[in-house]
file work-v5.csv (CSV, C-alpha atoms)
chain,number,residue,atom,x,y,z
A,20,MET,CA,-43.1,-33.4,-3.7
A,21,THR,CA,-39.5,-32.6,-4.6
A,22,ARG,CA,-36.6,-34.6,-3.3
A,23,SER,CA,-35.5,-31.7,-1.1
A,24,SER,CA,-38.9,-31.3,0.4
A,25,ILE,CA,-39.1,-35.1,1.1
A,26,ALA,CA,-35.7,-35.0,2.7
A,27,THR,CA,-36.7,-32.0,4.8
A,28,GLU,CA,-39.8,-33.8,6.0
A,29,MET,CA,-37.9,-37.0,6.8
A,30,ARG,CA,-35.3,-35.0,8.7
A,31,LYS,CA,-38.0,-33.7,10.9
A,32,LEU,CA,-39.5,-37.2,11.3
A,33,VAL,CA,-36.0,-38.6,12.2
A,34,ASN,CA,-35.5,-35.8,14.7
A,35,SER,CA,-38.9,-36.6,16.3
A,36,TYR,CA,-37.8,-40.3,16.4
A,37,TYR,CA,-34.6,-39.3,18.3
A,38,GLU,CA,-36.6,-37.2,20.8
A,39,SER,CA,-39.4,-39.9,21.2
A,40,GLY,CA,-37.4,-42.6,23.0
A,41,GLN,CA,-39.5,-45.2,21.2
A,42,SER,CA,-38.2,-48.2,19.4
A,43,ARG,CA,-37.9,-48.0,15.7
A,44,SER,CA,-40.7,-50.4,15.2
A,45,ALA,CA,-43.1,-48.5,17.5
A,46,PHE,CA,-42.2,-45.1,16.1
A,47,ALA,CA,-42.6,-46.3,12.5
A,48,ARG,CA,-46.0,-47.9,13.2
A,49,ALA,CA,-47.2,-44.8,15.0
A,50,HIS,CA,-46.3,-42.6,12.0
A,51,GLY,CA,-47.6,-45.0,9.3
A,52,ILE,CA,-44.3,-45.8,7.7
A,53,SER,CA,-42.3,-49.0,7.4
A,54,LYS,CA,-39.5,-49.7,9.8
A,55,GLY,CA,-37.2,-50.2,6.8
A,56,LYS,CA,-38.0,-46.7,5.5
A,57,LEU,CA,-37.4,-45.2,9.0
A,58,CYS,CA,-34.0,-47.1,9.2
A,59,TYR,CA,-33.0,-45.8,5.8
A,60,TRP,CA,-33.6,-42.2,6.8
A,61,ILE,CA,-31.9,-42.7,10.2
A,62,GLN,CA,-28.8,-43.7,8.3
A,63,LYS,CA,-29.1,-40.6,6.1
A,64,PHE,CA,-29.5,-38.3,9.1
A,65,PRO,CA,-27.3,-39.6,12.0
A,66,LYS,CA,-28.3,-38.2,15.5
A,67,GLU,CA,-25.4,-35.8,15.7
A,68,GLN,CA,-26.2,-34.3,12.3
A,69,VAL,CA,-29.9,-33.9,13.1
A,70,ILE,CA,-29.5,-32.5,16.6
A,71,LYS,CA,-26.9,-29.9,15.4
A,72,SER,CA,-29.1,-28.6,12.6
A,73,ALA,CA,-32.4,-28.7,14.7
A,74,LYS,CA,-33.9,-25.3,15.3
A,75,SER,CA,-33.8,-24.2,18.9
A,76,ASN,CA,-37.1,-24.5,20.8
A,77,PHE,CA,-36.1,-22.4,23.7
A,78,VAL,CA,-38.5,-19.7,24.8
A,79,SER,CA,-37.5,-16.6,26.7
A,80,LEU,CA,-39.2,-16.3,30.1
A,81,SER,CA,-39.4,-13.4,32.5
A,82,ALA,CA,-40.8,-13.1,36.0
A,83,THR,CA,-41.9,-10.3,38.2
A,84,PRO,CA,-40.6,-10.2,41.8
A,85,SER,CA,-43.0,-11.7,44.4
A,86,THR,CA,-43.8,-10.5,47.9
A,87,ALA,CA,-44.4,-14.1,49.1
A,88,PRO,CA,-42.1,-15.4,51.8
A,89,THR,CA,-38.9,-16.9,50.3
A,90,PHE,CA,-39.6,-20.4,51.8
A,91,SER,CA,-42.8,-20.8,49.8
A,92,ARG,CA,-41.9,-19.3,46.4
A,93,SER,CA,-41.6,-21.5,43.4
A,94,MET,CA,-41.9,-21.3,39.6
A,95,HIS,CA,-44.3,-23.7,37.9
A,96,ILE,CA,-43.8,-24.6,34.2
A,97,ARG,CA,-46.4,-26.6,32.3
A,98,LEU,CA,-45.3,-28.1,29.0
A,99,GLY,CA,-47.6,-28.7,26.1
A,100,ASN,CA,-47.4,-32.5,26.7
A,101,GLY,CA,-48.8,-32.1,30.2
A,102,VAL,CA,-45.5,-32.4,32.1
A,103,GLU,CA,-45.3,-29.9,35.0
A,104,ILE,CA,-42.0,-28.7,36.5
A,105,GLU,CA,-41.8,-26.9,39.8
A,106,ILE,CA,-38.6,-25.0,40.6
A,107,PRO,CA,-38.1,-23.6,44.2
A,108,LEU,CA,-36.9,-20.1,44.2
call {"tool": "encode", "arguments": {"input": "work-v5.csv", "output": "C-alpha cells"}}
result
Amino acid sequence: MTRSSIATEMRKLVNSYYESGQSRSAFARAHGISKGKLCYWIQKFPKEQVIKSAKSNFVSLSATPSTAPTFSRSMHIRLGNGVEIEIPL
C-alpha cells in the first residue's frame, strides 16, 4: 500500500469514528486497531477537515401524489441500519 492509499483509508476510518458516537477505545477495538493509532490519525484529520471533505450521501427521492385522506398520509423511510422514520404529510 502506498502512503496516500493508507491515508485515504484512514481518513475514511476517522470519518466513521466521528459518525459512530463510540469512544476511541471501543471504536479502535471494534476495527482491530490500537487506540494510539486511531488517536494519531484523528490528530491528522480533525473533525472539521474530514466532515468538509466527506462525500455527500444524500439520495434524491420523489413521491407520487396519494389519494388517501390528508390526516392519514405519511412518508416512511427505512435506513440500511434498521432505523425507520415516519414523516406525516
call {"tool": "closest_residue", "arguments": {"input": "work-v5.csv", "among": "A:Val78, A:Ile106, A:Ile61, A:Met94", "to": "Met29 in chain A", "atoms": "all atoms listed in the file"}}
result
A:Ile61
call {"tool": "atom_distance", "arguments": {"input": "work-v5.csv", "atom1": "CA of Lys63 in chain A", "atom2": "CA of Ala49 in chain A"}}
result
20.6 Å
call {"tool": "closest_residue", "arguments": {"input": "work-v5.csv", "among": "A:Ser81, A:Val102, A:Val33, A:Thr86", "to": "Cys58 in chain A", "atoms": "only C-alpha atoms"}}
result
A:Val33
call {"tool": "atom_distance", "arguments": {"input": "work-v5.csv", "atom1": "CA of Tyr36 in chain A", "atom2": "CA of His95 in chain A"}}
result
27.9 Å
call {"tool": "atom_distance", "arguments": {"input": "work-v5.csv", "atom1": "CA of Leu32 in chain A", "atom2": "CA of Leu98 in chain A"}}
result
20.7 Å
call {"tool": "residues_around", "arguments": {"input": "work-v5.csv", "residues": "Gly55 in chain A", "least_positions_apart": "5", "cutoff": "10 Å", "atoms": "all atoms listed in the file", "output": "ChimeraX atom specification"}}
result
/A:43-44,47,60-61
call {"tool": "closest_residue", "arguments": {"input": "work-v5.csv", "among": "A:Thr27, A:Leu57, A:Gly101, A:Glu67", "to": "Ser42 in chain A", "atoms": "all atoms listed in the file"}}
result
A:Leu57
